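*Asks:* Sharing input.pdb here; it has PDB, C-alpha atoms.
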ATOM      1  CA  MET S  91     112.164  96.927  60.151
ATOM      2  CA  SER S  92     108.887  96.962  58.205
ATOM      3  CA  ASP S  93     108.432  99.321  55.312
ATOM      4  CA  PRO S  94     106.050 102.122  56.426
ATOM      5  CA  ALA S  95     104.547 102.156  52.949
ATOM      6  CA  ALA S  96     103.355  98.592  53.493
ATOM      7  CA  PHE S  97     101.391  99.514  56.604
ATOM      8  CA  THR S  98      97.617  99.475  56.437
ATOM      9  CA  ASP S  99      95.668 102.624  57.277
ATOM     10  CA  GLN S 100      94.697 101.043  60.570
ATOM     11  CA  GLN S 101      98.336 100.346  61.445
ATOM     12  CA  LYS S 102      99.312 103.900  60.540
ATOM     13  CA  GLU S 103      96.588 105.287  62.786
ATOM     14  CA  ALA S 104      97.709 102.941  65.565
ATOM     15  CA  ALA S 105     101.292 104.209  65.203
ATOM     16  CA  LYS S 106     100.063 107.814  65.359
ATOM     17  CA  PHE S 107      98.056 106.988  68.466
ATOM     18  CA  LEU S 108     101.089 105.454  70.192
ATOM     19  CA  ASP S 109     103.167 108.481  69.248
ATOM     20  CA  ARG S 110     100.600 110.900  70.686
ATOM     21  CA  ASP S 111     100.072 108.716  73.726
ATOM     22  CA  PHE S 112     103.815 108.565  74.444
ATOM     23  CA  ASN S 113     104.158 112.351  74.254
ATOM     24  CA  GLN S 114     101.118 112.983  76.433
ATOM     25  CA  CYS S 115     102.191 110.418  79.027
ATOM     26  CA  PHE S 116     105.690 111.882  79.142
ATOM     27  CA  GLN S 117     104.195 115.296  79.864
ATOM     28  CA  GLN S 118     101.919 113.735  82.462
ATOM     29  CA  MET S 119     104.943 112.089  84.090
ATOM     30  CA  ARG S 120     106.677 115.462  84.378
ATOM     31  CA  TYR S 121     103.449 116.980  85.713
ATOM     32  CA  TYR S 122     103.237 114.502  88.605
ATOM     33  CA  ASP S 123     106.916 114.989  89.411
ATOM     34  CA  GLY S 124     106.462 118.761  89.407
ATOM     35  CA  GLN S 125     103.337 118.511  91.538
ATOM     36  CA  ILE S 126     105.228 116.588  94.226
ATOM     37  CA  ILE S 127     107.813 119.370  94.347
ATOM     38  CA  ASP S 128     105.055 122.011  94.454
ATOM     39  CA  ILE S 129     103.388 120.227  97.384
ATOM     40  CA  CYS S 130     106.603 120.476  99.383
ATOM     41  CA  LYS S 131     107.099 124.125  98.425
ATOM     42  CA  PHE S 132     103.544 124.920  99.515
ATOM     43  CA  ALA S 133     104.024 123.045 102.787
ATOM     44  CA  LEU S 134     107.289 124.831 103.567
ATOM     45  CA  THR S 135     105.756 128.248 102.877
ATOM     46  CA  GLY S 136     102.550 127.462 104.756
ATOM     47  CA  TYR S 137     104.303 125.957 107.753
ATOM     48  CA  THR S 138     106.599 128.952 108.042
ATOM     49  CA  ALA S 139     103.569 131.246 108.174
ATOM     50  CA  ILE S 140     101.688 129.040 110.646
ATOM     51  CA  VAL S 141     104.619 128.594 113.021
ATOM     52  CA  GLY S 142     105.470 132.289 112.848
ATOM     53  CA  ALA S 143     101.867 133.321 113.544
ATOM     54  CA  SER S 144     101.366 130.853 116.400
ATOM     55  CA  LEU S 145     104.614 131.770 118.167
ATOM     56  CA  SER S 146     103.925 135.472 117.697
ATOM     57  CA  LEU S 147     100.488 134.991 119.205
ATOM     58  CA  TYR S 148     101.968 133.066 122.131
ATOM     59  CA  LYS S 149     104.599 135.756 122.754
ATOM     60  CA  TYR S 150     101.975 138.498 122.443
ATOM     61  CA  GLY S 151      99.948 136.754 125.151
ATOM     62  CA  ILE S 152     102.974 136.656 127.450
ATOM     63  CA  ASP S 153     103.604 140.373 126.892
ATOM     64  CA  LYS S 154      99.971 141.161 127.660
ATOM     65  CA  GLY S 155      99.749 138.813 130.627
ATOM     66  CA  SER S 156      97.229 136.560 128.864
ATOM     67  CA  ASP S 157      97.291 132.921 127.855
ATOM     68  CA  PHE S 158      96.995 132.744 124.093
ATOM     69  CA  ARG S 159      98.229 129.167 123.891
ATOM     70  CA  PRO S 160      94.838 127.640 122.910
ATOM     71  CA  PRO S 161      94.460 129.649 119.666
ATOM     72  CA  ALA S 162      98.162 129.200 118.919
ATOM     73  CA  VAL S 163      97.892 125.434 119.352
ATOM     74  CA  ALA S 164      94.679 125.428 117.292
ATOM     75  CA  MET S 165      96.556 127.068 114.401
ATOM     76  CA  LEU S 166      99.265 124.423 114.635
ATOM     77  CA  ALA S 167      96.659 121.645 114.764
ATOM     78  CA  ILE S 168      94.996 122.950 111.603
ATOM     79  CA  GLY S 169      98.384 123.124 109.924
ATOM     80  CA  LEU S 170      99.131 119.560 111.017
ATOM     81  CA  LEU S 171      95.855 118.262 109.595
ATOM     82  CA  LEU S 172      96.651 120.022 106.328
ATOM     83  CA  GLY S 173     100.138 118.532 106.410
ATOM     84  CA  MET S 174      98.770 115.016 106.787
ATOM     85  CA  CYS S 175      96.543 115.594 103.770
ATOM     86  CA  LEU S 176      99.540 116.871 101.798
ATOM     87  CA  LEU S 177     101.556 113.806 102.767
ATOM     88  CA  ALA S 178      98.761 111.541 101.544
ATOM     89  CA  LEU S 179      98.547 113.555  98.326
ATOM     90  CA  LEU S 180     102.299 113.258  97.808
ATOM     91  CA  ALA S 181     102.170 109.467  98.213
ATOM     92  CA  ARG S 182      99.214 109.303  95.848
ATOM     93  CA  ASN S 183     101.053 111.322  93.221
ATOM     94  CA  ARG S 184     103.997 108.945  93.527
ATOM     95  CA  VAL S 185     101.646 106.116  92.535
ATOM     96  CA  TYR S 186     100.412 108.078  89.510
ATOM     97  CA  PHE S 187     103.990 108.922  88.547
ATOM     98  CA  VAL S 188     105.171 105.304  88.722
ATOM     99  CA  ILE S 189     102.283 103.949  86.652
ATOM    100  CA  VAL S 190     102.714 106.535  83.902
ATOM    101  CA  THR S 191     106.504 106.092  83.895
ATOM    102  CA  ARG S 192     106.169 102.340  83.525
ATOM    103  CA  TYR S 193     103.821 102.890  80.602
ATOM    104  CA  VAL S 194     106.364 105.193  78.959
ATOM    105  CA  ASN S 195     109.040 102.534  79.478
ATOM    106  CA  GLU S 196     106.814  99.975  77.781
ATOM    107  CA  HIS S 197     106.544 102.250  74.754
ATOM    108  CA  ARG S 198     110.320 102.523  74.578
ATOM    109  CA  GLU S 199     110.727  98.786  74.958
ATOM    110  CA  LEU S 200     108.418  98.159  71.998
ATOM    111  CA  PHE S 201     110.094 100.544  69.591
ATOM    112  CA  LEU S 202     113.724 100.205  70.679
ATOM    113  CA  ALA S 203     113.517  96.412  70.397
ATOM    114  CA  GLN S 204     113.259  96.951  66.630
ATOM    115  CA  LYS S 205     116.485  99.016  66.635
ATOM    116  CA  PRO S 206     115.048 101.810  64.474
ATOM    117  CA  LEU S 207     117.696 103.270  62.115
ATOM    118  CA  GLY S 208     120.174 100.934  63.780
ATOM    119  CA  PHE S 209     119.786 102.621  67.146
ATOM    120  CA  GLU S 210     120.975 100.154  69.809
ATOM    121  CA  ASN S 211     120.270 102.144  72.980
ATOM    122  CA  LYS S 212     123.838 101.683  74.206
ATOM    123  CA  THR S 213     123.139 104.121  77.046
ATOM    124  CA  ARG S 214     120.463 101.678  78.254
ATOM    125  CA  MET S 215     117.745 104.278  78.549
ATOM    126  CA  TYR S 216     114.866 102.971  80.641
ATOM    127  CA  THR S 217     112.817 100.279  78.892
ATOM    128  CA  ASN S 218     111.724  98.144  81.848
ATOM    129  CA  PRO S 219     107.925  98.364  82.264
ATOM    130  CA  SER S 220     108.194  97.064  85.833
ATOM    131  CA  GLN S 221     110.347 100.020  86.906
ATOM    132  CA  PRO S 222     110.486 102.319  88.827
ATOM    133  CA  PRO S 223     109.282 100.713  92.067
ATOM    134  CA  PHE S 224     106.491 102.416  93.949
ATOM    135  CA  PHE S 225     108.771 102.789  96.956
ATOM    136  CA  ASP S 226     112.448 103.557  96.435
ATOM    137  CA  TRP S 227     114.101 104.962  99.553
ATOM    138  CA  ARG S 228     116.804 106.628  97.423
ATOM    139  CA  SER S 229     114.550 108.493  94.987
ATOM    140  CA  SER S 230     114.224 112.273  95.172
ATOM    141  CA  GLN S 231     110.452 111.958  95.552
ATOM    142  CA  THR S 232     110.865 109.714  98.584
ATOM    143  CA  LEU S 233     113.326 112.187 100.092
ATOM    144  CA  LEU S 234     110.677 114.887  99.694
ATOM    145  CA  LEU S 235     108.203 112.583 101.416
ATOM    146  CA  TYR S 236     110.654 112.232 104.315
ATOM    147  CA  ALA S 237     111.043 116.020 104.454
ATOM    148  CA  LEU S 238     107.291 116.614 104.542
ATOM    149  CA  ALA S 239     106.815 114.023 107.283
ATOM    150  CA  LEU S 240     109.587 115.711 109.262
ATOM    151  CA  LEU S 241     107.884 119.093 108.887
ATOM    152  CA  ASN S 242     104.631 117.587 110.147
ATOM    153  CA  SER S 243     106.346 116.153 113.202
ATOM    154  CA  GLY S 244     107.917 119.571 113.760
ATOM    155  CA  LEU S 245     104.471 121.160 113.925
ATOM    156  CA  LEU S 246     103.402 118.563 116.463
ATOM    157  CA  ALA S 247     106.555 119.191 118.500
ATOM    158  CA  ILE S 248     105.838 122.916 118.713
ATOM    159  CA  ALA S 249     102.192 122.289 119.627
ATOM    160  CA  VAL S 250     103.159 119.848 122.388
ATOM    161  CA  TYR S 251     105.756 122.294 123.702
ATOM    162  CA  LEU S 252     103.175 125.087 123.938
ATOM    163  CA  ILE S 253     100.666 122.808 125.664
ATOM    164  CA  ARG S 254     103.212 121.565 128.208
ATOM    165  CA  VAL S 255     105.409 124.664 128.370
ATOM    166  CA  ASN S 256     105.336 124.737 132.164
ATOM    167  CA  ALA S 257     105.877 121.012 132.687
ATOM    168  CA  ALA S 258     109.232 119.814 133.945
ATOM    169  CA  CYS S 259     109.413 116.946 131.441
ATOM    170  CA  ARG S 260     108.241 118.976 128.441
ATOM    171  CA  TRP S 261     111.332 118.330 126.294
ATOM    172  CA  THR S 262     111.150 114.583 126.808
ATOM    173  CA  LEU S 263     107.471 114.651 125.881
ATOM    174  CA  VAL S 264     108.143 116.778 122.803
ATOM    175  CA  ILE S 265     110.904 114.497 121.526
ATOM    176  CA  VAL S 266     109.077 111.232 122.206
ATOM    177  CA  LEU S 267     105.716 112.260 120.733
ATOM    178  CA  SER S 268     107.181 113.923 117.650
ATOM    179  CA  ALA S 269     109.468 110.922 117.016
ATOM    180  CA  LEU S 270     106.553 108.484 117.362
ATOM    181  CA  PHE S 271     104.417 110.602 115.065
ATOM    182  CA  LEU S 272     107.214 110.782 112.481
ATOM    183  CA  ALA S 273     107.629 107.008 112.593
ATOM    184  CA  ALA S 274     103.874 106.493 112.209
ATOM    185  CA  GLU S 275     103.718 108.868 109.235
ATOM    186  CA  LEU S 276     106.603 107.209 107.434
ATOM    187  CA  ALA S 277     105.365 103.699 108.200
ATOM    188  CA  SER S 278     101.911 104.524 106.830
ATOM    189  CA  ALA S 279     103.259 106.135 103.648
ATOM    190  CA  VAL S 280     105.789 103.364 102.994
ATOM    191  CA  PHE S 281     103.214 100.646 103.634
ATOM    192  CA  TYR S 282     100.804 102.310 101.214
ATOM    193  CA  LEU S 283     103.426 102.529  98.461
ATOM    194  CA  VAL S 284     104.788  99.010  99.000
ATOM    195  CA  SER S 285     101.251  97.582  98.975
ATOM    196  CA  ARG S 286     100.757  98.924  95.425
ATOM    197  CA  ALA S 287     103.598  96.772  94.049
ATOM    198  CA  LYS S 288     101.641  93.560  93.488
ATOM    199  CA  LYS S 289      98.488  95.256  92.245
ATOM    200  CA  SER S 290      97.399  96.021  88.720
ATOM    201  CA  PRO S 291      97.416  99.712  87.751
ATOM    202  CA  SER S 292      93.631  99.910  88.171
ATOM    203  CA  ALA S 293      93.744  98.260  91.584
ATOM    204  CA  ALA S 294      96.704 100.394  92.661
ATOM    205  CA  VAL S 295      94.877 103.621  91.807
ATOM    206  CA  PHE S 296      91.173 102.849  92.176
ATOM    207  CA  GLY S 297      91.321  99.957  94.640
ATOM    208  CA  ARG S 298      89.815  97.440  92.202
ATOM    209  CA  ASP S 299      90.302  96.128  88.674
TER     210      ASP S 299
END
For this file, write the structure as structure tokens.
*Replies:*
Amino acid sequence: MSDPAAFTDQQKEAAKFLDRDFNQCFQQMRYYDGQIIDICKFALTGYTAIVGASLSLYKYGIDKGSDFRPPAVAMLAIGLLLGMCLLALLARNRVYFVIVTRYVNEHRELFLAQKPLGFENKTRMYTNPSQPPFFDWRSSQTLLLYALALLNSGLLAIAVYLIRVNAACRWTLVIVLSALFLAAELASAVFYLVSRAKKSPSAAVFGRD
């Protein structure tokens, strides 16, 4: 390993920059991970309030002999639109997280390759700048994406039930439409993440190099 005293001022400043950049990127990585969790927490809290309010309004209409289904369904529709935006935001944050994490891995690869102080990285801490993948069906972030998509399809199911509450085939309609919507949500999110894999970081985030 090179003697630090032999470094030029420019090399010393470059080393300081890499050190600061590594620390900031590591914090940014944790920020994106935390934001994904916060999105799901917000969705769960918001959906609970929306579903509770819409069903209460529907029941209140029944008690009063009025049809309050339209405003109840409108509340669910607004919640569903918000949920779709949250799902898109979650997928977008996954892209940010992966790019920053890969950059952090590249830093480790550079410095650990020199075996500083004889450190051999026997635990094999992440050093692969091509990992993690944008889409990993086993990752905790992807599981949260599944959960959010499921919550969105649940909102649609309740809305469809209220619209067709008097129809004989309402349960079949609820199950089929919510299942199709869930599949469409997941397919769109997965396709978006997988399509980032062969792009440069700039193209993956901004759509162009």
*Asks:* Between S:Ile140, S:Leu238, S:Ala162, S:Leu172, which is the closest to Asp128 (chain S) once you count only C-alpha atoms?
*Replies:*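 Of S:Ile140, S:Leu238, S:Ala162, S:Leu172, the one nearest Asp128 (chain S), counting only C-alpha atoms, is S:Leu238.
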*Asks:* With distances taken over all atoms listed in the file, which of S:Leu200, S:Leu276, S:Ala258, S:Ile129 is nearest to Cys175 (chain S)?
*Replies:*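 Nearest candidate to Cys175 (chain S) out of S:Leu200, S:Leu276, S:Ala258, S:Ile129: S:Ile129.
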*Asks:* Hey, could you make a per-residue contact list for region 155-205 of chain S against region 284-293 of chain S with 10 Å as the cut-off, showing the nearest pair of atoms and its distance in Å to one decimal, counting all atoms listed in the file, sorted by chain and number, as JSON lines?
*Replies:*
{"residue": "S:Val185", "atom": "CA", "partner": "S:Arg286", "partner_atom": "CA", "distance": 7.8}
{"residue": "S:Tyr186", "atom": "CA", "partner": "S:Pro291", "partner_atom": "CA", "distance": 9.1}
{"residue": "S:Val188", "atom": "CA", "partner": "S:Pro291", "partner_atom": "CA", "distance": 9.6}
{"residue": "S:Ile189", "atom": "CA", "partner": "S:Pro291", "partner_atom": "CA", "distance": 6.5}
{"residue": "S:Val190", "atom": "CA", "partner": "S:Pro291", "partner_atom": "CA", "distance": 9.5}
*Asks:* When distances are computed from all atoms listed in the file, which of S:Phe201, S:Arg214, S:Phe281, S:Val141 shows the smallest separation from Ala105 (chain S)?
*Replies:* S:Phe201
*Asks:* May I ask which of the residues S:Tyr216, S:Trp261, S:Phe158, S:Tyr282 is the closest one to Leu180 (chain S), counting only C-alpha atoms?
*Replies:*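 Among S:Tyr216, S:Trp261, S:Phe158, S:Tyr282, it is S:Tyr282 that comes nearest to Leu180 (chain S).
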*Asks:* With all atoms of region 187-195 of chain S from the file as input, state the centre and edge lengths in Å to one decimal of the axis-aligned box that has 4 Å extra on each side, as lines of an AutoDock Vina configuration file.
*Replies:*
center_x = 105.7
center_y = 105.6
center_z = 83.8
size_x = 14.8
size_y = 14.6
size_z = 17.8
*Asks:* Tell me, in Å to one decimal, how far CA of Ala237 (chain S) is from CA of Ile126 (chain S).
*Replies:*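 For CA of Ala237 (chain S) relative to CA of Ile126 (chain S), the distance reads 11.8 Å.
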*Asks:* Using CA of Lys131 (chain S) and CA of Leu177 (chain S) as the two end points, give the distance in Å to one decimal.
*Replies:* 12.5 Å
*Asks:* Can you measure CA of Gly151 (chain S) to CA of Leu263 (chain S) for me? One decimal in Å is fine.
*Replies:*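 So the two atoms, CA of Gly151 (chain S) and CA of Leu263 (chain S), lie 23.4 Å apart.
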*Asks:* Quick check on the file I pasted: which residues fall under the PyMOL selection byres ((chain S and resi 127) around 12)? Write them as a ChimeraX atom specification.
*Replies:* /S:120-126,128-134,176-177,179-180,183-184,230-235,237-238
*Asks:* Would you list the contacts of Leu166 (chain S) as number ranges by chain, taking every protein, DNA or RNA residue within 12 Å and counting only C-alpha atoms, but skipping same-chain residues closer than 4 positions in sequence?
*Replies:* S: 136-145, 147-148, 159-162, 170-173, 241-253
*Asks:* Could you tell me which residues the PyMOL selection byres ((chain S and resi 197) around 10) returns for this structure, as a PyMOL selection string?
*Replies:* chain S and resi 108-109+111-112+191-196+198-202+217-219
*Asks:* For Glu275 (chain S), which of S:Ala294, S:Val255, S:Ala181, S:Ile152 is the closest residue, counting all atoms listed in the file?
*Replies:*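 Closest residue, counting all atoms listed in the file: S:Ala181.
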*Asks:* Which of these, S:Ala257, S:Ala178, S:Leu240, S:Val295, has the shortest distance to Ala279 (chain S) once you count only C-alpha atoms?
*Replies:* S:Ala178
